[in-house]
$ cat model-v7.txt   # compact mmCIF, C-alpha atoms
# COMPACT_ATOMS: atom_id res chain seq x y z
CA MET A 122 -4.79 -11.68 34.32
CA ASN A 123 -4.16 -13.66 31.16
CA LEU A 124 -4.51 -11.53 28.04
CA PRO A 125 -6.22 -12.93 24.94
CA ARG A 126 -3.67 -14.24 22.45
CA ALA A 127 -3.23 -13.06 18.87
CA VAL A 128 -0.79 -14.37 16.27
CA VAL A 129 0.06 -12.23 13.24
CA ILE A 130 1.40 -14.09 10.20
CA GLY A 131 3.60 -11.65 8.28
CA GLY A 132 5.84 -8.84 9.46
CA GLY A 133 5.14 -6.28 6.75
CA ILE A 134 3.42 -2.92 7.11
CA GLY A 135 -0.06 -4.37 7.66
CA GLY A 136 1.09 -7.08 10.05
CA LEU A 137 3.14 -4.76 12.25
CA THR A 138 0.38 -2.14 12.33
CA ALA A 139 -2.12 -4.82 13.35
CA ALA A 140 0.22 -6.00 16.11
CA ILE A 141 0.55 -2.48 17.52
CA ALA A 142 -3.19 -1.85 17.35
CA LEU A 143 -4.10 -5.15 18.99
CA ARG A 144 -1.58 -4.68 21.79
CA GLN A 145 -3.10 -1.28 22.53
CA ARG A 146 -6.46 -3.03 22.73
CA GLY A 147 -5.30 -5.53 25.34
CA TRP A 148 -4.06 -8.47 23.30
CA ALA A 149 -0.85 -10.43 23.80
CA VAL A 150 0.55 -10.45 20.26
CA THR A 151 3.22 -12.50 18.50
CA VAL A 152 4.29 -11.61 14.94
CA LEU A 153 5.72 -14.44 12.82
CA GLU A 154 7.85 -13.38 9.85
CA ARG A 155 9.38 -16.07 7.64
CA ALA A 156 12.23 -13.84 6.40
CA PRO A 157 15.41 -13.81 8.49
CA ALA A 158 15.06 -10.05 9.03
CA LEU A 159 12.46 -7.32 8.57
CA THR A 160 13.90 -6.26 5.23
CA PRO A 161 11.31 -4.32 3.21
CA VAL A 162 10.44 -5.50 -0.28
CA GLY A 163 10.06 -2.32 -2.25
CA ALA A 164 11.54 1.13 -2.27
CA ALA A 165 9.17 3.81 -1.00
CA ILE A 166 5.55 4.20 0.00
CA GLY A 167 3.19 7.15 -0.16
CA LEU A 168 1.00 7.56 2.90
CA MET A 169 -2.12 9.60 2.24
CA PRO A 170 -4.13 11.36 4.96
CA ASN A 171 -6.39 8.32 5.42
CA ALA A 172 -3.46 6.13 6.49
CA GLN A 173 -1.95 8.95 8.53
CA ARG A 174 -5.19 9.30 10.50
CA ALA A 175 -5.19 5.55 11.08
CA LEU A 176 -1.66 5.86 12.46
CA ASP A 177 -2.87 8.74 14.65
CA VAL A 178 -5.01 6.16 16.43
CA LEU A 179 -1.79 4.41 17.42
CA GLY A 180 0.06 7.59 18.37
CA LEU A 181 2.37 7.34 15.32
CA GLY A 182 0.87 9.82 12.86
CA GLY A 183 3.01 12.73 14.00
CA ARG A 184 6.26 10.85 13.45
CA VAL A 185 5.20 10.02 9.90
CA ARG A 186 4.15 13.59 9.04
CA GLU A 187 7.58 14.87 10.06
CA LEU A 188 8.90 13.01 7.02
CA SER A 189 6.71 14.81 4.49
CA ALA A 190 8.76 15.87 1.48
CA TRP A 191 6.05 17.25 -0.79
CA GLN A 192 6.88 20.81 -1.83
CA GLY A 193 5.15 23.05 -4.36
CA ALA A 194 3.43 21.81 -7.47
CA GLY A 195 3.70 18.58 -9.41
CA GLY A 196 1.49 16.95 -11.95
CA LEU A 197 1.01 14.74 -14.96
CA ARG A 198 3.22 14.95 -18.07
CA THR A 199 3.74 13.40 -21.51
CA PRO A 200 7.03 11.68 -22.43
CA GLY A 201 8.02 14.83 -24.34
CA GLY A 202 7.56 16.92 -21.21
CA ARG A 203 4.23 18.64 -21.87
CA TRP A 204 2.18 19.15 -18.72
CA LEU A 205 -1.27 17.58 -18.93
CA ASN A 206 -2.25 18.51 -15.40
CA ARG A 207 -0.80 20.51 -12.54
CA MET A 208 -1.48 19.59 -8.93
CA ASP A 209 -0.95 21.88 -5.97
CA GLY A 210 0.28 20.02 -2.90
CA GLN A 211 -1.35 22.54 -0.57
CA ALA A 212 -4.70 22.16 -2.35
CA ALA A 213 -4.50 18.40 -1.81
CA ALA A 214 -3.65 18.86 1.86
CA ASP A 215 -6.54 21.29 2.31
CA ARG A 216 -8.98 18.98 0.55
CA PHE A 217 -8.10 15.81 2.43
CA GLY A 218 -6.87 17.14 5.74
CA GLY A 219 -3.16 16.52 5.41
CA PRO A 220 -0.17 16.21 3.07
CA LEU A 221 1.04 13.24 1.09
CA VAL A 222 3.96 11.71 2.96
CA LEU A 223 6.45 9.79 0.84
CA LEU A 224 9.01 7.77 2.79
CA HIS A 225 11.21 4.75 2.35
CA ARG A 226 9.53 1.51 3.36
CA ALA A 227 12.48 0.71 5.62
CA THR A 228 11.82 3.94 7.51
CA LEU A 229 8.15 3.10 8.02
CA LEU A 230 8.94 -0.46 9.08
CA GLY A 231 11.43 0.94 11.58
CA ILE A 232 8.80 3.26 13.08
CA LEU A 233 6.35 0.36 13.42
CA ARG A 234 8.93 -2.09 14.77
CA ASP A 235 10.06 0.41 17.41
CA ALA A 236 6.48 0.62 18.69
CA LEU A 237 6.55 -3.08 19.62
CA PRO A 238 8.40 -4.61 22.57
CA ASP A 239 11.43 -6.82 22.15
CA GLY A 240 10.43 -10.38 21.45
CA ALA A 241 7.07 -9.50 19.88
CA VAL A 242 8.42 -10.15 16.36
CA ARG A 243 9.97 -13.50 15.52
CA THR A 244 11.95 -13.51 12.29
CA GLY A 245 12.96 -16.66 10.47
CA ALA A 246 9.65 -18.09 11.68
CA ALA A 247 7.72 -19.68 8.85
CA ALA A 248 4.09 -20.26 9.84
CA THR A 249 1.24 -22.35 8.48
CA LEU A 250 -2.41 -22.02 9.43
CA ALA A 251 -3.39 -25.50 10.62
CA ASP A 252 -6.89 -24.77 11.98
CA PRO A 253 -8.87 -21.51 11.67
CA GLY A 254 -10.63 -22.29 14.93
CA GLY A 255 -14.25 -21.75 15.78
CA GLU A 256 -16.60 -20.44 18.42
CA ARG A 257 -15.41 -22.94 21.04
CA ARG A 258 -11.88 -23.73 19.87
CA SER A 259 -8.75 -21.71 19.32
CA ALA A 260 -7.05 -21.25 15.99
CA VAL A 261 -3.87 -23.27 15.50
CA VAL A 262 -0.70 -22.12 13.74
CA ASN A 263 2.20 -24.45 13.04
CA THR A 264 5.66 -22.86 13.19
CA THR A 265 9.23 -24.05 12.89
CA GLU A 266 9.44 -23.71 16.67
CA GLY A 267 6.25 -25.56 17.52
CA VAL A 268 2.49 -25.13 17.62
CA LEU A 269 0.77 -21.91 18.69
CA GLU A 270 -2.87 -21.62 19.71
CA ALA A 271 -4.58 -18.24 19.62
CA GLU A 272 -7.95 -16.59 20.06
CA LEU A 273 -7.20 -14.54 16.94
CA VAL A 274 -4.94 -15.02 13.92
CA VAL A 275 -4.23 -12.11 11.58
CA ALA A 276 -3.14 -13.26 8.13
CA ALA A 277 -0.94 -10.49 6.74
CA ASP A 278 1.05 -12.83 4.51
CA GLY A 279 0.77 -10.88 1.29
CA ILE A 280 -0.52 -11.24 -2.21
CA HIS A 281 0.23 -14.97 -2.44
CA SER A 282 -1.25 -15.64 0.99
CA ALA A 283 -1.20 -19.29 2.02
CA ALA A 284 -3.70 -18.48 4.76
CA ARG A 285 -6.17 -17.12 2.20
CA ARG A 286 -5.88 -20.30 0.15
CA ALA A 287 -6.49 -22.38 3.26
CA LEU A 288 -9.58 -20.39 4.22
CA PHE A 289 -11.04 -20.06 0.72
CA PRO A 290 -9.61 -22.93 -1.37
CA GLY A 291 -12.12 -22.43 -4.18
CA HIS A 292 -11.28 -18.76 -4.75
CA PRO A 293 -9.24 -18.00 -7.91
CA GLY A 294 -6.90 -15.61 -6.08
CA PRO A 295 -5.10 -12.63 -7.63
CA ALA A 296 -4.78 -12.29 -11.42
CA TYR A 297 -2.10 -10.59 -13.51
CA ALA A 298 -3.06 -6.99 -14.18
CA GLY A 299 -1.33 -6.88 -17.55
CA TYR A 300 1.79 -4.92 -16.67
CA THR A 301 4.98 -5.03 -14.66
CA THR A 302 6.57 -2.35 -12.47
CA TRP A 303 10.06 -1.17 -11.57
CA ARG A 304 11.02 0.75 -8.42
CA VAL A 305 14.28 2.33 -7.34
CA VAL A 306 15.66 4.91 -4.91
CA VAL A 307 18.63 6.94 -6.17
CA PRO A 308 20.87 9.73 -4.85
CA PRO A 309 19.91 13.30 -5.85
CA PRO A 310 20.38 13.38 -9.66
CA GLY A 311 21.67 16.96 -9.87
CA ARG A 312 19.28 19.76 -10.82
CA PRO A 313 15.98 20.02 -8.94
CA PHE A 314 12.75 18.99 -10.66
CA ALA A 315 9.02 19.14 -10.09
CA PRO A 316 7.47 15.90 -8.82
CA HIS A 317 5.65 14.26 -11.68
CA GLU A 318 4.05 11.18 -13.15
CA THR A 319 4.43 10.74 -16.91
CA TRP A 320 2.05 8.70 -19.07
CA GLY A 321 3.13 7.30 -22.43
CA ARG A 322 1.83 4.52 -24.68
CA GLY A 323 1.53 1.47 -22.46
CA ARG A 324 4.25 2.93 -20.24
CA LEU A 325 4.38 5.14 -17.15
CA TRP A 326 7.12 6.83 -15.13
CA GLY A 327 7.02 8.66 -11.80
CA THR A 328 9.74 10.65 -10.04
CA GLN A 329 9.25 11.89 -6.46
CA PRO A 330 11.61 13.41 -3.85
CA LEU A 331 12.20 11.90 -0.41
CA LYS A 332 12.80 13.91 2.76
CA ASP A 333 16.50 12.99 2.91
CA GLY A 334 17.18 14.31 -0.60
CA ARG A 335 17.10 10.97 -2.39
CA VAL A 336 14.66 10.37 -5.23
CA TYR A 337 12.09 7.61 -5.55
CA ALA A 338 11.27 6.54 -9.11
CA TYR A 339 8.75 4.01 -10.34
CA ALA A 340 7.86 2.79 -13.80
CA MET A 341 5.31 0.59 -15.52
CA ALA A 342 5.07 -1.14 -18.89
CA VAL A 343 2.52 -3.43 -20.50
CA VAL A 344 4.36 -6.73 -21.02
CA PRO A 345 3.59 -10.46 -20.75
CA ALA A 346 3.58 -11.90 -17.24
CA GLY A 347 6.90 -13.27 -16.06
CA ALA A 348 9.03 -11.31 -18.54
CA HIS A 349 12.53 -10.17 -17.58
CA ALA A 350 15.28 -8.09 -19.18
CA PRO A 351 17.82 -10.07 -21.22
CA ASP A 352 20.65 -8.26 -19.41
CA ASP A 353 19.61 -6.20 -16.37
CA GLU A 354 16.61 -4.13 -15.35
CA ARG A 355 18.38 -0.77 -15.43
CA ALA A 356 19.23 -1.44 -19.06
CA GLU A 357 15.58 -2.25 -19.64
CA LEU A 358 14.57 1.09 -18.12
CA ARG A 359 17.06 2.82 -20.39
CA ARG A 360 15.52 1.13 -23.45
CA LEU A 361 11.96 1.96 -22.44
CA PHE A 362 12.37 5.44 -20.92
CA GLY A 363 15.84 6.72 -21.85
CA ASP A 364 14.51 9.28 -24.35
CA TRP A 365 11.79 10.70 -22.08
CA HIS A 366 11.87 14.19 -20.64
CA ASP A 367 14.28 15.35 -17.95
CA PRO A 368 14.93 14.16 -15.24
CA VAL A 369 13.99 10.62 -16.33
CA PRO A 370 17.28 9.78 -18.11
CA ARG A 371 19.29 11.31 -15.23
CA VAL A 372 17.45 9.19 -12.68
CA ILE A 373 18.04 6.03 -14.68
CA GLU A 374 21.76 6.75 -14.92
CA ALA A 375 21.93 7.47 -11.18
CA ALA A 376 20.58 3.99 -10.43
CA THR A 377 22.60 0.82 -10.11
CA ALA A 378 21.39 -2.36 -11.75
CA ARG A 379 21.20 -4.27 -8.45
CA ASP A 380 18.95 -1.62 -6.88
CA VAL A 381 16.21 -1.75 -9.54
CA LEU A 382 13.31 -3.89 -8.35
CA ARG A 383 10.89 -5.45 -10.83
CA HIS A 384 7.58 -7.08 -9.97
CA ASP A 385 4.55 -8.11 -11.99
CA VAL A 386 1.34 -6.52 -10.74
CA HIS A 387 -1.52 -8.74 -9.58
CA GLU A 388 -4.96 -7.77 -8.36
CA MET A 389 -7.94 -9.42 -6.71
CA ARG A 390 -10.45 -9.20 -9.56
CA VAL A 391 -12.89 -11.53 -7.81
CA PRO A 392 -13.59 -10.26 -4.27
CA LEU A 393 -13.43 -12.71 -1.42
CA PRO A 394 -16.79 -13.60 0.16
CA ALA A 395 -15.45 -12.40 3.52
CA TYR A 396 -12.24 -11.22 5.13
CA HIS A 397 -12.51 -13.71 7.94
CA ARG A 398 -13.30 -17.31 8.72
CA GLY A 399 -13.31 -18.89 12.14
CA ARG A 400 -10.86 -16.92 14.26
CA VAL A 401 -8.74 -15.74 11.32
CA ALA A 402 -8.84 -12.30 9.72
CA LEU A 403 -7.18 -11.38 6.41
CA ILE A 404 -5.67 -7.92 5.95
CA GLY A 405 -3.82 -6.03 3.23
CA ASP A 406 -2.84 -7.76 -0.01
CA ALA A 407 -3.90 -11.11 1.44
CA ALA A 408 -7.48 -9.81 1.42
CA HIS A 409 -7.68 -7.29 -1.44
CA ALA A 410 -4.58 -7.01 -3.63
CA MET A 411 -4.98 -3.97 -5.89
CA GLN A 412 -3.19 -2.17 -8.67
CA PRO A 413 -0.83 0.58 -7.43
CA THR A 414 -2.48 3.28 -9.55
CA LEU A 415 -4.12 4.98 -6.54
CA ALA A 416 -1.15 4.33 -4.21
CA GLN A 417 -3.52 2.67 -1.75
CA GLY A 418 -2.15 -0.84 -1.20
CA GLY A 419 -0.21 -0.09 1.98
CA ASN A 420 -2.66 2.61 3.03
CA GLN A 421 -5.55 0.16 2.99
CA ALA A 422 -3.53 -2.41 4.95
CA ILE A 423 -3.02 0.20 7.68
CA GLU A 424 -6.74 1.00 7.67
CA ASP A 425 -7.52 -2.72 7.91
CA ALA A 426 -5.30 -3.07 10.96
CA VAL A 427 -6.86 -0.32 13.04
CA VAL A 428 -10.41 -1.27 12.06
CA LEU A 429 -9.76 -4.92 12.91
CA ALA A 430 -8.39 -3.98 16.32
CA HIS A 431 -11.35 -1.66 16.90
CA HIS A 432 -13.86 -4.48 16.33
CA ALA A 433 -11.77 -7.08 18.14
CA GLY A 434 -11.57 -5.01 21.31
CA PRO A 435 -12.10 -6.21 24.87
CA GLY A 436 -15.56 -7.56 25.49
CA ALA A 437 -16.27 -8.26 21.81
CA GLY A 438 -16.68 -11.90 20.89
CA THR A 439 -14.12 -12.89 18.27
CA GLY A 440 -16.73 -14.13 15.79
CA HIS A 441 -18.90 -11.04 16.16
CA GLY A 442 -15.88 -8.73 15.94
CA LEU A 443 -14.53 -10.35 12.79
CA ALA A 444 -17.93 -10.25 11.11
CA ALA A 445 -18.11 -6.54 11.87
CA TYR A 446 -14.61 -6.13 10.44
CA THR A 447 -15.63 -7.82 7.19
CA ALA A 448 -18.82 -5.76 7.00
CA GLU A 449 -16.86 -2.52 7.30
CA ARG A 450 -13.84 -3.32 5.17
CA LEU A 451 -15.01 -5.53 2.31
CA PRO A 452 -17.28 -2.98 0.54
CA ARG A 453 -14.75 -0.16 0.87
CA THR A 454 -11.71 -2.08 -0.33
CA THR A 455 -13.64 -3.80 -3.14
CA ALA A 456 -14.65 -0.37 -4.47
CA ILE A 457 -11.04 0.86 -4.28
CA VAL A 458 -9.76 -2.25 -6.09
CA ARG A 459 -12.20 -1.50 -8.91
CA GLN A 460 -11.32 2.18 -9.02
CA ALA A 461 -7.62 1.35 -9.17
CA ARG A 462 -8.34 -1.00 -12.08
CA ARG A 463 -10.18 1.74 -13.99
CA THR A 464 -7.29 4.14 -13.44
CA GLY A 465 -4.88 1.42 -14.55
CA ARG A 466 -6.72 0.98 -17.84
CA LEU A 467 -6.42 4.72 -18.49
CA SER A 468 -2.74 5.02 -17.59
CA ALA A 469 -1.77 1.81 -19.43
CA ALA A 470 -3.57 2.61 -22.70
CA ASP A 471 -1.24 1.87 -25.63
CA GLY A 472 -3.15 2.63 -28.82
CA ALA A 473 -1.94 5.78 -30.60
CA VAL A 474 -5.42 7.20 -31.13
CA THR A 475 -6.59 6.25 -27.62
CA VAL A 476 -3.53 7.84 -26.01
CA ALA A 477 -3.93 11.05 -28.02
CA LEU A 478 -7.57 11.30 -27.00
CA ARG A 479 -6.71 10.54 -23.37
CA ASP A 480 -3.99 13.19 -23.21
CA ASN A 481 -6.08 15.88 -24.90
CA LEU A 482 -9.03 15.11 -22.66
CA LEU A 483 -6.91 15.27 -19.51
CA ALA A 484 -5.32 18.56 -20.56
CA GLY A 485 -8.60 20.16 -21.60
CA VAL A 486 -10.65 19.08 -18.63
CA SER A 487 -7.89 20.07 -16.19
CA ARG A 488 -7.93 23.60 -17.60
CA LEU A 489 -11.70 23.82 -17.31
CA VAL A 490 -12.01 22.06 -13.95
CA PRO A 491 -8.92 22.73 -11.79
CA GLY A 492 -8.36 20.08 -9.16
CA LEU A 493 -10.18 17.42 -11.15
CA VAL A 494 -7.50 14.79 -10.48
CA LEU A 495 -7.91 15.27 -6.75
CA ARG A 496 -11.56 14.28 -7.01
CA ASN A 497 -10.39 10.77 -7.87
CA PHE A 498 -9.42 10.44 -4.21
CA ASP A 499 -12.67 11.71 -2.70
CA GLY A 500 -14.00 9.00 -0.41
CA ILE A 501 -10.51 7.49 -0.17
CA ALA A 502 -8.02 10.00 1.20
CA ASP A 503 -10.65 11.69 3.40
CA TRP A 504 -11.48 8.44 5.29
CA ARG A 505 -11.45 8.62 9.07
CA PRO A 506 -10.91 5.77 11.55
CA PRO A 507 -13.55 4.55 14.01
CA ARG A 508 -14.68 7.33 16.32
CA HIS A 509 -13.45 5.74 19.55
CA THR A 510 -9.67 5.76 19.43
CA TYR A 511 -7.13 4.04 21.61
CA ALA A 512 -3.96 6.00 20.92
CA SER A 513 -1.00 5.16 23.09
CA GLY A 514 -0.80 7.44 26.09
CA ALA A 515 -4.45 8.52 26.04
CA PRO A 516 -6.02 8.83 29.48
CA ARG A 517 -7.75 5.61 30.41
CA GLY A 518 -11.13 7.29 30.67
CA GLN A 519 -10.89 8.40 27.05
CA ARG A 520 -10.36 4.89 25.69
CA GLU A 521 -13.18 2.72 24.55

$ encode --input "model-v7.txt" --output "structure tokens"
Amino acid sequence: MNLPRAVVIGGGIGGLTAAIALRQRGWAVTVLERAPALTPVGAAIGLMPNAQRALDVLGLGGRVRELSAWQGAGGLRTPGGRWLNRMDGQAAADRFGGPLVLLHRATLLGILRDALPDGAVRTGAAATLADPGGERRSAVVNTTEGVLEAELVVAADGIHSAARRALFPGHPGPAYAGYTTWRVVVPPPGRPFAPHETWGRGRLWGTQPLKDGRVYAYAMAVVPAGAHAPDDERAELRRLFGDWHDPVPRVIEAATARDVLRHDVHEMRVPLPAYHRGRVALIGDAAHAMQPTLAQGGNQAIEDAVVLAHHAGPGAGTGHGLAAYTAERLPRTTAIVRQARRTGRLSAADGAVTVALRDNLLAGVSRLVPGLVLRNFDGIADWRPPRHTYASGAPRGQRE
């Protein structure tokens, strides 16, 4: 029996998750990645319980949870070290049904890649959407190795998605959010520390431990788009954050200049009218690029993938399935994009009076209403995948 054919453009987290999910639903899948290897862009990723439950559908949630490094309390601080808010990791796990798992992106990509058969992922394979297809014709993708026709194309080609521009040429696309970010993974910088995020004036720093003992750090500053350090980005971090509380200076000194990644942040301020057209579905940043303030970019791409596969299952017409996918995902992700933007405005505030009011309000309210910060993730981290699952290894009678 010939299986329906799916082509995934992009071999990142969303694209690989979609490939796994579609294969488990009976599709023959080919992933096209333009890079010569599946080298992750970025340093680490936090997977919240919503993404972990989505990975449970694929039989991969357990492997991810084994990498959980969250221990004890963390919270929100000022550059001088004052705690504005304390957060109990166990309280978060109890509220949302699981822990936060922080792992290196390379580790997650390895888990996903290992769940696919040899030959399913083609690297060094640039792809262009030539025809989105329709009810009676296949979609067409041009590659460096020839033309591929497919009953379904998944565009997971990132924030600057060429597929999105082809499907919706009149859409303005992502806009600069007003700040840039730095990310780095460093060896253990000596003395232990409590996980924290620190908010300053138009600047932010976060330091989090990984399972293997290394430390993931991320930073943000309000700057013009396209700006770069005159020397190197570690020196820029030293200028911006070198006098902040411990362990920030130690983490900066533990980094090497070549390991510090810098990227401007863009977001989809104007939602797309749909996440599909013809036989093509958009997922992840290609569909709904968002600010990283809720740590949901990769999490939502994983959700997209399992929901898309759920609606594109055997017996479902491609058009009907993709319409159902849009109907389920567009309202949810649009709301999260907006919530991330509101949180970004708060964390990126740079006026002296505004920042003082913000900090005092956060400290006061947190004392009066413990766990207030966690409420920001209600309706996000407690999401559950479609009821009928198709986890690998499930008895056939239990699959949809």

$ closest_residue --input "model-v7.txt" --among "A:Val336, A:Leu358, A:Ala422, A:Ala251" --to "Gly279 (chain A)" --atoms "all atoms listed in the file"
A:Ala422

$ closest_residue --input "model-v7.txt" --among "A:Ala469, A:Leu331, A:Ala277, A:Ala407" --to "Val344 (chain A)" --atoms "only C-alpha atoms"
A:Ala469

$ closest_residue --input "model-v7.txt" --among "A:Gly167, A:Gly440, A:Pro330, A:Gly294" --to "Glu256 (chain A)" --atoms "all atoms listed in the file"
A:Gly440

$ residues_around --input "model-v7.txt" --residues "Leu224 (chain A)" --least-positions-apart "5" --cutoff "12 Å" --atoms "all atoms listed in the file" --output "number ranges by chain"
A: 163-169, 184-191, 229-232, 306, 329-337

$ atom_distance --input "model-v7.txt" --atom1 "CA of Val129 (chain A)" --atom2 "CA of Pro413 (chain A)"
24.3 Å

$ atom_distance --input "model-v7.txt" --atom1 "CA of Val490 (chain A)" --atom2 "CA of Ala172 (chain A)"
27.3 Å

$ atom_distance --input "model-v7.txt" --atom1 "CA of Arg324 (chain A)" --atom2 "CA of Val343 (chain A)"
6.6 Å

$ closest_residue --input "model-v7.txt" --among "A:His281, A:Arg146, A:Arg126, A:His387" --to "Ala426 (chain A)" --atoms "all atoms listed in the file"
A:Arg146

$ residues_around --input "model-v7.txt" --residues "Pro310 (chain A)" --least-positions-apart "3" --cutoff "9 Å" --atoms "all atoms listed in the file" --output "list in words"
Val307, Pro313, Arg335, Val336, Pro368, Arg371, Val372, Glu374 and Ala375 of chain A

$ residues_near_point --input "model-v7.txt" --point "(-13.7, -10.5, 2.2)" --cutoff "8 Å" --atoms "all atoms listed in the file" --output "list in words"
Pro392, Leu393, Pro394, Ala395, Tyr396, His397, Leu403, Ala408, His409, Thr447, Arg450 and Leu451 of chain A

$ residues_around --input "model-v7.txt" --residues "Gly405 (chain A)" --least-positions-apart "4" --cutoff "10 Å" --atoms "only C-alpha atoms" --output "PyMOL selection string"
chain A and resi 133-136+276-280+409-411+418-426+454

$ residues_around --input "model-v7.txt" --residues "Leu325 (chain A)" --least-positions-apart "5" --cutoff "10 Å" --atoms "only C-alpha atoms" --output "PDB file with C-alpha atoms, in the coordinates of the input"
ATOM      1  CA  ARG A 198       3.220  14.950 -18.070  1.00  0.00           C
ATOM      2  CA  THR A 199       3.740  13.400 -21.510  1.00  0.00           C
ATOM      3  CA  PRO A 200       7.030  11.680 -22.430  1.00  0.00           C
ATOM      4  CA  THR A 302       6.570  -2.350 -12.470  1.00  0.00           C
ATOM      5  CA  GLU A 318       4.050  11.180 -13.150  1.00  0.00           C
ATOM      6  CA  THR A 319       4.430  10.740 -16.910  1.00  0.00           C
ATOM      7  CA  TRP A 320       2.050   8.700 -19.070  1.00  0.00           C
ATOM      8  CA  TYR A 339       8.750   4.010 -10.340  1.00  0.00           C
ATOM      9  CA  ALA A 340       7.860   2.790 -13.800  1.00  0.00           C
ATOM     10  CA  MET A 341       5.310   0.590 -15.520  1.00  0.00           C
ATOM     11  CA  ALA A 342       5.070  -1.140 -18.890  1.00  0.00           C
ATOM     12  CA  VAL A 343       2.520  -3.430 -20.500  1.00  0.00           C
ATOM     13  CA  LEU A 361      11.960   1.960 -22.440  1.00  0.00           C
ATOM     14  CA  PHE A 362      12.370   5.440 -20.920  1.00  0.00           C
ATOM     15  CA  SER A 468      -2.740   5.020 -17.590  1.00  0.00           C
ATOM     16  CA  ALA A 469      -1.770   1.810 -19.430  1.00  0.00           C
TER      17      ALA A 469
END

$ closest_residue --input "model-v7.txt" --among "A:Pro316, A:Pro253, A:Gly442, A:Gly201" --to "Trp365 (chain A)" --atoms "only C-alpha atoms"
A:Gly201

$ closest_residue --input "model-v7.txt" --among "A:Gly465, A:Pro506, A:Gly131, A:Pro157" --to "Ala248 (chain A)" --atoms "only C-alpha atoms"
A:Gly131

$ residues_around --input "model-v7.txt" --residues "Val261 (chain A)" --least-positions-apart "3" --cutoff "8 Å" --atoms "only C-alpha atoms" --output "NGL selection string"
:A and (250-254 or 268-271)
